[in-house]
Each structure stands twice: as C-alpha cells, then as structure tokens.
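Below is entry-v1.csv, which holds CSV, C-alpha atoms and all ligand atoms.
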chain,number,residue,atom,x,y,z
I,157,MET,CA,-2.2,109.7,57.8
I,158,PRO,CA,-0.3,112.5,56.1
I,159,ARG,CA,-2.4,115.4,54.9
I,160,SER,CA,-3.5,115.5,51.3
I,161,THR,CA,-3.2,118.7,49.3
I,162,TRP,CA,-6.1,121.0,49.7
I,163,PRO,CA,-7.1,122.0,46.1
I,164,ARG,CA,-7.9,125.6,45.4
I,165,CYS,CA,-11.5,125.6,44.4
I,166,THR,CA,-12.4,129.2,43.5
I,167,ASP,CA,-13.7,128.2,40.0
I,168,ALA,CA,-15.5,125.1,41.1
I,169,VAL,CA,-18.1,124.5,43.8
I,170,VAL,CA,-17.3,122.0,46.5
I,171,LEU,CA,-19.3,120.6,49.4
I,172,ALA,CA,-18.0,120.6,52.9
I,173,PRO,CA,-20.0,118.0,54.7
I,174,SER,CA,-20.2,118.8,58.4
I,175,LEU,CA,-19.7,116.1,61.0
I,176,LEU,CA,-22.1,117.9,63.3
I,177,GLY,CA,-24.8,116.1,61.3
I,178,ALA,CA,-23.3,112.7,61.9
I,179,ASP,CA,-23.9,110.1,64.6
I,180,PHE,CA,-21.2,111.1,67.1
I,181,ALA,CA,-20.9,107.4,68.2
I,182,ARG,CA,-19.9,106.4,64.6
I,183,LEU,CA,-17.7,109.2,63.3
I,184,ALA,CA,-15.3,106.7,61.6
I,185,ASP,CA,-18.3,105.3,59.6
I,186,ALA,CA,-19.3,108.9,58.7
I,187,VAL,CA,-15.8,109.6,57.4
I,188,ASP,CA,-15.9,106.3,55.4
I,189,ALA,CA,-19.2,107.3,53.9
I,190,LEU,CA,-18.0,110.7,52.9
I,191,THR,CA,-14.8,109.3,51.4
I,192,GLY,CA,-16.9,106.9,49.3
I,193,SER,CA,-19.1,109.8,48.2
I,194,GLY,CA,-16.1,111.6,46.7
I,195,ALA,CA,-16.0,114.3,49.4
I,196,GLU,CA,-13.0,116.6,49.1
I,197,ARG,CA,-12.9,117.9,52.6
I,198,ILE,CA,-14.6,117.5,56.0
I,199,HIS,CA,-16.0,120.4,58.0
I,200,ILE,CA,-15.6,120.1,61.8
I,201,ASP,CA,-17.5,122.4,64.1
I,202,VAL,CA,-15.7,123.3,67.3
I,203,MET,CA,-17.9,124.9,70.0
I,204,ASP,CA,-16.9,126.1,73.4
I,205,GLY,CA,-20.2,126.6,75.2
I,206,ALA,CA,-19.4,130.3,75.5
I,207,PHE,CA,-19.2,131.9,72.1
I,208,VAL,CA,-22.1,129.6,71.2
I,209,PRO,CA,-24.4,127.7,73.6
I,210,ASN,CA,-23.2,124.2,72.7
I,211,PHE,CA,-20.2,121.9,72.9
I,212,THR,CA,-18.9,119.7,70.2
I,213,PHE,CA,-15.5,118.5,69.0
I,214,GLY,CA,-12.0,119.4,70.2
I,215,THR,CA,-8.4,118.8,69.3
I,216,ASP,CA,-8.6,115.1,70.3
I,217,THR,CA,-11.2,114.6,67.6
I,218,PHE,CA,-8.9,116.1,65.0
I,219,ARG,CA,-6.1,113.8,66.2
I,220,ALA,CA,-8.3,110.8,66.0
I,221,LEU,CA,-9.7,111.7,62.6
I,222,ARG,CA,-6.2,112.5,61.2
I,223,LYS,CA,-5.3,108.9,61.8
I,224,ILE,CA,-8.0,107.6,59.7
I,225,THR,CA,-8.3,110.0,56.8
I,226,GLN,CA,-6.3,112.0,54.3
I,227,LEU,CA,-9.2,114.3,53.5
I,228,PRO,CA,-8.5,117.9,54.4
I,229,LEU,CA,-10.0,118.8,57.8
I,230,GLU,CA,-11.6,122.2,58.0
I,231,ALA,CA,-11.8,123.5,61.6
I,232,HIS,CA,-14.7,126.0,62.2
I,233,LEU,CA,-13.8,127.5,65.5
I,234,MET,CA,-16.9,128.9,67.2
I,235,ILE,CA,-14.9,129.7,70.3
I,236,ARG,CA,-13.8,132.7,72.3
I,237,GLU,CA,-10.2,133.7,72.1
I,238,PRO,CA,-9.4,131.4,69.2
I,239,GLU,CA,-5.9,132.9,68.9
I,240,ARG,CA,-4.9,130.8,72.1
I,241,HIS,CA,-5.6,127.5,70.3
I,242,LEU,CA,-4.5,127.9,66.7
I,243,GLU,CA,-1.2,126.0,67.1
I,244,THR,CA,-2.9,123.1,68.9
I,245,PHE,CA,-5.5,122.7,66.2
I,246,ALA,CA,-2.8,122.9,63.5
I,247,ARG,CA,-0.7,120.3,65.2
I,248,ALA,CA,-3.8,118.1,65.8
I,249,GLY,CA,-4.3,117.9,62.0
I,250,ALA,CA,-6.5,120.8,60.9
I,251,ASP,CA,-5.7,121.9,57.3
I,252,GLY,CA,-7.8,125.0,57.5
I,253,ILE,CA,-8.9,127.1,60.5
I,254,THR,CA,-11.8,129.5,60.4
I,255,ILE,CA,-12.3,132.0,63.1
I,256,HIS,CA,-15.1,134.4,63.8
I,257,TYR,CA,-14.9,138.1,63.4
I,258,GLU,CA,-17.1,138.4,66.5
I,259,ALA,CA,-14.6,136.5,68.6
I,260,CYS,CA,-11.4,138.1,67.4
I,261,PRO,CA,-10.3,141.7,68.2
I,262,HIS,CA,-7.1,141.4,66.1
I,263,LEU,CA,-8.5,139.5,63.2
I,264,HIS,CA,-5.8,140.4,60.6
I,265,ARG,CA,-3.0,139.2,62.9
I,266,THR,CA,-4.9,136.0,63.8
I,267,LEU,CA,-5.5,135.1,60.2
I,268,ALA,CA,-1.8,135.7,59.5
I,269,THR,CA,-0.9,133.4,62.3
I,270,ILE,CA,-3.1,130.7,60.8
I,271,ARG,CA,-1.2,131.0,57.5
I,272,LYS,CA,2.1,130.9,59.3
I,273,LEU,CA,1.0,127.5,60.7
I,274,ASP,CA,0.6,126.3,57.2
I,275,CYS,CA,-3.2,126.2,57.4
I,276,ARG,CA,-5.8,127.8,55.2
I,277,SER,CA,-7.1,130.9,56.9
I,278,GLY,CA,-10.8,131.5,57.2
I,279,ALA,CA,-12.8,134.4,58.6
I,280,ALA,CA,-16.5,134.0,59.4
I,281,ILE,CA,-19.3,136.5,60.1
I,282,ASN,CA,-22.6,135.9,61.8
I,283,PRO,CA,-25.9,136.8,60.2
I,284,SER,CA,-26.1,140.0,62.2
I,285,THR,CA,-22.6,141.2,61.2
I,286,GLY,CA,-22.3,143.4,58.2
I,287,ALA,CA,-20.5,142.0,55.1
I,288,SER,CA,-18.2,145.1,55.0
I,289,HIS,CA,-16.5,143.9,58.2
I,290,LEU,CA,-14.6,141.4,56.1
I,291,ASP,CA,-13.4,144.0,53.6
I,292,ASP,CA,-10.1,144.8,55.3
I,293,VAL,CA,-9.1,141.2,56.1
I,294,LEU,CA,-9.9,139.5,52.8
I,295,GLU,CA,-6.3,139.8,51.7
I,296,ALA,CA,-5.4,137.7,54.7
I,297,CYS,CA,-8.1,135.1,54.0
I,298,ASP,CA,-8.1,131.9,52.0
I,299,LEU,CA,-11.8,131.6,52.8
I,300,ALA,CA,-14.6,134.0,53.8
I,301,LEU,CA,-17.4,132.3,55.6
I,302,VAL,CA,-20.8,133.9,55.6
I,303,MET,CA,-22.9,132.2,58.2
I,304,THR,CA,-26.4,131.6,56.9
I,305,ILE,CA,-27.7,130.8,60.4
I,306,ASP,CA,-26.7,131.9,63.9
I,307,PRO,CA,-24.0,129.4,64.8
I,308,GLY,CA,-24.4,126.8,67.5
I,309,PHE,CA,-26.7,124.1,66.2
I,310,GLY,CA,-27.3,122.0,63.1
I,311,GLY,CA,-30.7,121.6,61.6
I,312,GLN,CA,-31.7,125.3,61.4
I,313,THR,CA,-33.3,127.1,58.5
I,314,LEU,CA,-31.1,129.3,56.2
I,315,ILE,CA,-31.8,133.0,56.7
I,316,ASP,CA,-32.5,134.3,53.2
I,317,ARG,CA,-31.2,137.8,54.0
I,318,THR,CA,-27.7,136.4,54.5
I,319,LEU,CA,-27.4,135.6,50.8
I,320,TRP,CA,-27.1,139.3,49.8
I,321,LYS,CA,-24.0,139.3,52.0
I,322,VAL,CA,-22.6,136.4,50.0
I,323,GLU,CA,-23.0,138.6,46.9
I,324,ARG,CA,-21.4,141.5,48.6
I,325,VAL,CA,-18.5,139.5,49.9
I,326,ARG,CA,-17.9,137.9,46.5
I,327,ALA,CA,-18.1,141.3,44.7
I,328,GLU,CA,-15.5,142.8,47.1
I,329,ILE,CA,-13.2,139.8,46.6
I,330,LEU,CA,-13.3,140.4,42.9
I,331,ARG,CA,-12.9,144.1,43.3
I,332,GLN,CA,-9.7,143.6,45.3
I,333,GLY,CA,-8.4,141.1,42.7
I,334,LEU,CA,-8.3,138.3,45.2
I,335,THR,CA,-9.2,134.6,44.8
I,336,CYS,CA,-10.4,133.5,48.2
I,337,ASP,CA,-13.2,131.0,48.6
I,338,VAL,CA,-16.6,132.1,49.8
I,339,GLU,CA,-18.3,129.5,52.0
I,340,VAL,CA,-21.9,129.4,53.4
I,341,ASP,CA,-22.8,127.4,56.5
I,342,GLY,CA,-26.1,126.6,58.0
I,343,GLY,CA,-29.4,125.4,56.6
I,344,VAL,CA,-27.9,124.6,53.2
I,345,ASP,CA,-30.0,122.0,51.5
I,346,ALA,CA,-31.1,120.8,48.0
I,347,GLY,CA,-33.7,123.5,47.9
I,348,ASN,CA,-31.3,126.4,48.3
I,349,ALA,CA,-27.8,125.2,47.3
I,350,ARG,CA,-28.1,126.6,43.8
I,351,ARG,CA,-29.2,130.0,45.1
I,352,CYS,CA,-26.1,130.0,47.4
I,353,VAL,CA,-23.9,129.3,44.4
I,354,GLU,CA,-25.6,132.0,42.3
I,355,ALA,CA,-25.0,134.5,45.1
I,356,GLY,CA,-21.3,133.8,44.9
I,357,ALA,CA,-20.6,130.9,47.3
I,358,ASN,CA,-18.2,128.2,46.1
I,359,VAL,CA,-18.0,126.1,49.3
I,360,LEU,CA,-21.2,124.8,50.7
I,361,VAL,CA,-21.2,123.3,54.3
I,362,ALA,CA,-24.0,120.8,54.8
I,363,GLY,CA,-24.7,118.7,57.9
I,364,THR,CA,-28.4,117.8,58.0
I,365,ALA,CA,-28.8,117.7,54.2
I,366,VAL,CA,-26.0,115.1,54.0
I,367,PHE,CA,-26.4,113.0,57.2
I,368,GLY,CA,-30.1,113.4,57.6
I,369,HIS,CA,-30.9,112.2,54.1
I,370,ALA,CA,-33.3,109.3,54.1
I,371,GLY,CA,-31.0,107.4,51.7
I,372,GLY,CA,-27.9,107.9,53.9
I,373,PRO,CA,-25.0,110.3,53.6
I,374,SER,CA,-23.8,109.3,50.1
I,375,ALA,CA,-27.3,109.9,48.8
I,376,GLY,CA,-27.5,113.2,50.6
I,377,TYR,CA,-24.2,114.3,49.2
I,378,GLN,CA,-25.1,113.4,45.7
I,379,ALA,CA,-28.6,115.0,46.0
I,380,LEU,CA,-26.9,118.3,46.9
I,381,LEU,CA,-24.4,118.0,44.1
I,382,ASP,CA,-27.2,117.3,41.6
I,383,THR,CA,-28.8,120.6,42.3
I,384,LEU,CA,-25.8,122.7,41.4
I,385,PRO,CA,-25.4,124.4,38.0
I,386,PRO,CA,-23.5,122.1,35.7
I,387,GLU,CA,-20.9,124.7,34.9
I,388,SER,CA,-20.0,125.1,38.6
I,389,ARG,CA,-19.1,121.4,39.0
I,390,ARG,CA,-15.7,119.8,38.4
E,1,LIG,C1,-23.6,125.3,63.0
E,1,LIG,C2,-22.4,124.8,62.2
E,1,LIG,C3,-22.7,124.1,60.9
E,1,LIG,C4,-23.7,123.0,61.0
E,1,LIG,C5,-24.6,123.1,59.9
E,1,LIG,O1,-23.2,126.3,63.9
E,1,LIG,O2,-21.4,125.8,62.0
E,1,LIG,O3,-21.5,123.7,60.3
E,1,LIG,O4,-23.1,121.7,61.0
E,1,LIG,O5,-25.6,122.2,60.0
E,1,LIG,P1,-26.8,122.2,59.0
E,1,LIG,O6,-26.3,121.9,57.6
E,1,LIG,O7,-27.6,121.1,59.6
E,1,LIG,O8,-27.5,123.5,59.1
E,2,ZN,ZN,-19.7,125.1,60.7
Take the structure in the file and write it out as structure tokens.
Amino acid sequence: MPRSTWPRCTDAVVLAPSLLGADFARLADAVDALTGSGAERIHIDVMDGAFVPNFTFGTDTFRALRKITQLPLEAHLMIREPERHLETFARAGADGITIHYEACPHLHRTLATIRKLDCRSGAAINPSTGASHLDDVLEACDLALVMTIDPGFGGQTLIDRTLWKVERVRAEILRQGLTCDVEVDGGVDAGNARRCVEAGANVLVAGTAVFGHAGGPSAGYQALLDTLPPESRR
C-alpha cells in the first residue's frame, strides 16, 4: 500500500504502539487491531543481537507490513552501523528511521542521509547517555528519542531518572527554536504516561501496555490515551 502522510504532531501527543509487544505469529492481526483503535503510526523495533542482546524484526518485516497497512511505520534501529542499512529500510517501507547516538560516530551525517531518503529522522539516547549529546544534532532531527529503559527487551520498568532528560531535551529544542518531536520508549504505561507528557514528550511508545492489556490491544491503547491531559490530545 502507498504510504500515508505522517502528520507533524508537536502540539499533540500520539501513541506509537510497539509491535514488540504483539504475538509475532499474528502480526497482521496486531496491525488490524491498532488500525481499529485509531493508531496513527506503528513502532517497529529492529535488533541485531550485537548493539542489543536480542533479535527481532528486519527489512522483510517492513516489506510484509507495508503491503497490509497505510499507517506510518517507524523503524527504531537498535543495530550497529545503522548507516549501512538506511536505504534498505527506506525502500522496504519505513517512514521514519531512528538511530542510536551510541551506535553512530557520524550522527549528523547519518540523520541527514535519512532525510534525503525522504524519511523522518530520529536520534535516540540510552538511559546512561547525557541529554546534551543530542544538542548539536537536534537541527537534523525530526524526532528525539529518550530511551526510558536500556533497549533490548519489552516489559521493563521505566527508569524515573530518564524523565529529567526528557525535560532537558524539550527545553533545548525550544531554546533552538526547533519543532522536533520528543519520544519516550520503554516501560510507558497508564501509571506514568502523563508524567512523560508533562516532562515534554509528545510521542509515547508502548508495547506491553497496549498488547499486554487484559482487554486486548484496543483497550490497552484507549486506557493509555485516557490518562493523558485533555489539552494534549487531538
Ligand atoms: C525496547 C524497545 C521498545 C519496546 C518497549 O528496546 O525499544 O520499543 O517495545 O516495550 P514496553 O512498552 O513493553 O516497555
Ligand atoms: Zn523501540
């Protein structure tokens, strides 16, 4: 299917449901459920067993999903040397590509390459990486991702201390007069989503909170939305 337009969402909060929380044997069902819930994008975690100790989806997954959905696909690359694979992910159907500061010695150039491929550029930092490491690349970012867990696995607990970095990154974006989105990823649930937004995040990744919800993914999606401040919702 052709890609749909990825709306800018700096003024509104959006959820980015992560397929990592879904049943891998039923990804098409997961996509259907998210579409029915009103999801505006899908977060797809790519792991290489080297940058993080796990393996997940690859370019074939993007190709397969691109055939069944128009929803924007957000590739979160937790891989070494991501610059070698950007074009492949863009061609496979990724609308946004997020790479890690810790995996990228030439981050500014790599972000620029993502934009040249007509994808939204994202830069991520791990919990142990200082927020200031993003300062000099924010101009090249459409999205700044502050990891709220150490990447590699779903179902972990959000590290509270990371939220001050969200504040710091949002403040720097405003100071530089930029409009990029601030995303949080890891352990986001109905008990802390509002705090993430109050800290300055406007894109919330959620795997377990959506797909692990007792009432199913639609109920999980809605339960998260219901916790957000009314003024931050569309
Ligand atoms: C973990 C991934 C996350 C993961 C979050 O490294 O980047 O996107 O899906 O899962 P939860 O929401 O379960 O913490
Ligand atoms: Zn992720």
Fewer than 6 positions away in the same chain doesn't count, so skip those; otherwise give me all residues within 12 Å of Thr383 (chain I), counting only C-alpha atoms, as a PDB file with C-alpha atoms, in the frame of the given file.
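Saved to part-v9.pdb:
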ATOM      1  CA  VAL I 169     -18.100 124.500  43.800  1.00  0.00           C
ATOM      2  CA  LEU I 171     -19.300 120.600  49.400  1.00  0.00           C
ATOM      3  CA  VAL I 344     -27.900 124.600  53.200  1.00  0.00           C
ATOM      4  CA  ASP I 345     -30.000 122.000  51.500  1.00  0.00           C
ATOM      5  CA  ALA I 346     -31.100 120.800  48.000  1.00  0.00           C
ATOM      6  CA  GLY I 347     -33.700 123.500  47.900  1.00  0.00           C
ATOM      7  CA  ASN I 348     -31.300 126.400  48.300  1.00  0.00           C
ATOM      8  CA  ALA I 349     -27.800 125.200  47.300  1.00  0.00           C
ATOM      9  CA  ARG I 350     -28.100 126.600  43.800  1.00  0.00           C
ATOM     10  CA  ARG I 351     -29.200 130.000  45.100  1.00  0.00           C
ATOM     11  CA  CYS I 352     -26.100 130.000  47.400  1.00  0.00           C
ATOM     12  CA  VAL I 353     -23.900 129.300  44.400  1.00  0.00           C
ATOM     13  CA  GLU I 354     -25.600 132.000  42.300  1.00  0.00           C
ATOM     14  CA  GLY I 376     -27.500 113.200  50.600  1.00  0.00           C
ATOM     15  CA  TYR I 377     -24.200 114.300  49.200  1.00  0.00           C
ATOM     16  CA  ARG I 389     -19.100 121.400  39.000  1.00  0.00           C
TER      17      ARG I 389
END
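One distance worth recording is that between CA of Gly368 (chain I) and CA of Val170 (chain I), which is 19.0 Å.
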Can you tell me which residues sit at most 10 Å away from ligand LIG 1 (chain E), counting all atoms listed in the file, written as a PDB file with C-alpha atoms, in the frame of the given file?
ATOM      1  CA  ALA I 172     -18.000 120.600  52.900  1.00  0.00           C
ATOM      2  CA  PRO I 173     -20.000 118.000  54.700  1.00  0.00           C
ATOM      3  CA  SER I 174     -20.200 118.800  58.400  1.00  0.00           C
ATOM      4  CA  LEU I 175     -19.700 116.100  61.000  1.00  0.00           C
ATOM      5  CA  LEU I 176     -22.100 117.900  63.300  1.00  0.00           C
ATOM      6  CA  GLY I 177     -24.800 116.100  61.300  1.00  0.00           C
ATOM      7  CA  ALA I 178     -23.300 112.700  61.900  1.00  0.00           C
ATOM      8  CA  HIS I 199     -16.000 120.400  58.000  1.00  0.00           C
ATOM      9  CA  ILE I 200     -15.600 120.100  61.800  1.00  0.00           C
ATOM     10  CA  ASP I 201     -17.500 122.400  64.100  1.00  0.00           C
ATOM     11  CA  VAL I 202     -15.700 123.300  67.300  1.00  0.00           C
ATOM     12  CA  MET I 203     -17.900 124.900  70.000  1.00  0.00           C
ATOM     13  CA  VAL I 208     -22.100 129.600  71.200  1.00  0.00           C
ATOM     14  CA  PRO I 209     -24.400 127.700  73.600  1.00  0.00           C
ATOM     15  CA  ASN I 210     -23.200 124.200  72.700  1.00  0.00           C
ATOM     16  CA  ALA I 231     -11.800 123.500  61.600  1.00  0.00           C
ATOM     17  CA  HIS I 232     -14.700 126.000  62.200  1.00  0.00           C
ATOM     18  CA  LEU I 233     -13.800 127.500  65.500  1.00  0.00           C
ATOM     19  CA  MET I 234     -16.900 128.900  67.200  1.00  0.00           C
ATOM     20  CA  ALA I 280     -16.500 134.000  59.400  1.00  0.00           C
ATOM     21  CA  ASN I 282     -22.600 135.900  61.800  1.00  0.00           C
ATOM     22  CA  LEU I 301     -17.400 132.300  55.600  1.00  0.00           C
ATOM     23  CA  MET I 303     -22.900 132.200  58.200  1.00  0.00           C
ATOM     24  CA  THR I 304     -26.400 131.600  56.900  1.00  0.00           C
ATOM     25  CA  ILE I 305     -27.700 130.800  60.400  1.00  0.00           C
ATOM     26  CA  ASP I 306     -26.700 131.900  63.900  1.00  0.00           C
ATOM     27  CA  PRO I 307     -24.000 129.400  64.800  1.00  0.00           C
ATOM     28  CA  GLY I 308     -24.400 126.800  67.500  1.00  0.00           C
ATOM     29  CA  PHE I 309     -26.700 124.100  66.200  1.00  0.00           C
ATOM     30  CA  GLY I 310     -27.300 122.000  63.100  1.00  0.00           C
ATOM     31  CA  GLY I 311     -30.700 121.600  61.600  1.00  0.00           C
ATOM     32  CA  GLN I 312     -31.700 125.300  61.400  1.00  0.00           C
ATOM     33  CA  THR I 313     -33.300 127.100  58.500  1.00  0.00           C
ATOM     34  CA  LEU I 314     -31.100 129.300  56.200  1.00  0.00           C
ATOM     35  CA  VAL I 340     -21.900 129.400  53.400  1.00  0.00           C
ATOM     36  CA  ASP I 341     -22.800 127.400  56.500  1.00  0.00           C
ATOM     37  CA  GLY I 342     -26.100 126.600  58.000  1.00  0.00           C
ATOM     38  CA  GLY I 343     -29.400 125.400  56.600  1.00  0.00           C
ATOM     39  CA  VAL I 344     -27.900 124.600  53.200  1.00  0.00           C
ATOM     40  CA  ASP I 345     -30.000 122.000  51.500  1.00  0.00           C
ATOM     41  CA  LEU I 360     -21.200 124.800  50.700  1.00  0.00           C
ATOM     42  CA  VAL I 361     -21.200 123.300  54.300  1.00  0.00           C
ATOM     43  CA  ALA I 362     -24.000 120.800  54.800  1.00  0.00           C
ATOM     44  CA  GLY I 363     -24.700 118.700  57.900  1.00  0.00           C
ATOM     45  CA  THR I 364     -28.400 117.800  58.000  1.00  0.00           C
ATOM     46  CA  ALA I 365     -28.800 117.700  54.200  1.00  0.00           C
ATOM     47  CA  VAL I 366     -26.000 115.100  54.000  1.00  0.00           C
ATOM     48  CA  PHE I 367     -26.400 113.000  57.200  1.00  0.00           C
ATOM     49  CA  GLY I 368     -30.100 113.400  57.600  1.00  0.00           C
TER      50      GLY I 368
END
Inset, instruction - Between I:Phe180, I:His241, I:Asp251, I:Ile329, single out the one closest to Ile198 (chain I), counting all atoms listed in the file. - result: I:Asp251
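Here the question is which of I:Ala206, I:Ala279, I:Ala195, I:Ala355 gets nearest to Ala300 (chain I) using only C-alpha atoms, and that residue is I:Ala279.
The nearest approach to Glu339 (chain I) among the residues I:His256, I:Arg222, I:His369, I:Arg326, with only C-alpha atoms taken into account, belongs to I:Arg326.
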Legend entry - All residues 7 Å or closer to Ser193 (chain I), only C-alpha atoms, same chain fewer than 3 positions away omitted, as JSON, numbers by chain: {"I": [189, 190, 374, 377]}
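Distances from I:Pro373, I:Leu319, I:Val325, I:Thr269 to His289 (chain I) were compared using all atoms listed in the file, and the smallest one belongs to I:Val325.
Residue nearest ligand ZN 2 (chain E) within the list I:Ala327, I:Leu381, I:Leu290, I:Ile255: I:Ile255 [criterion: smallest interatomic distance, all atoms listed in the file].
Minimum atom-to-atom distances from I:Phe245, I:Thr254, I:Glu239, I:Leu227 to Thr266 (chain I) were compared using all atoms listed in the file, and the lowest value belongs to I:Glu239.
Distance-wise, CA of Cys297 (chain I) and CA of Arg265 (chain I) end up 11.0 Å apart.
Separating CA of Thr212 (chain I) from atom ZN of ligand ZN 2 (chain E) is a distance of 11.0 Å.
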Legend entry - Residue neighbourhood Lys321 (chain I), 8 Å, all atoms listed in the file, exclusion window fewer than 5 positions, as a list of chain:residue names: I:Gly286, I:Ala287, I:Val302
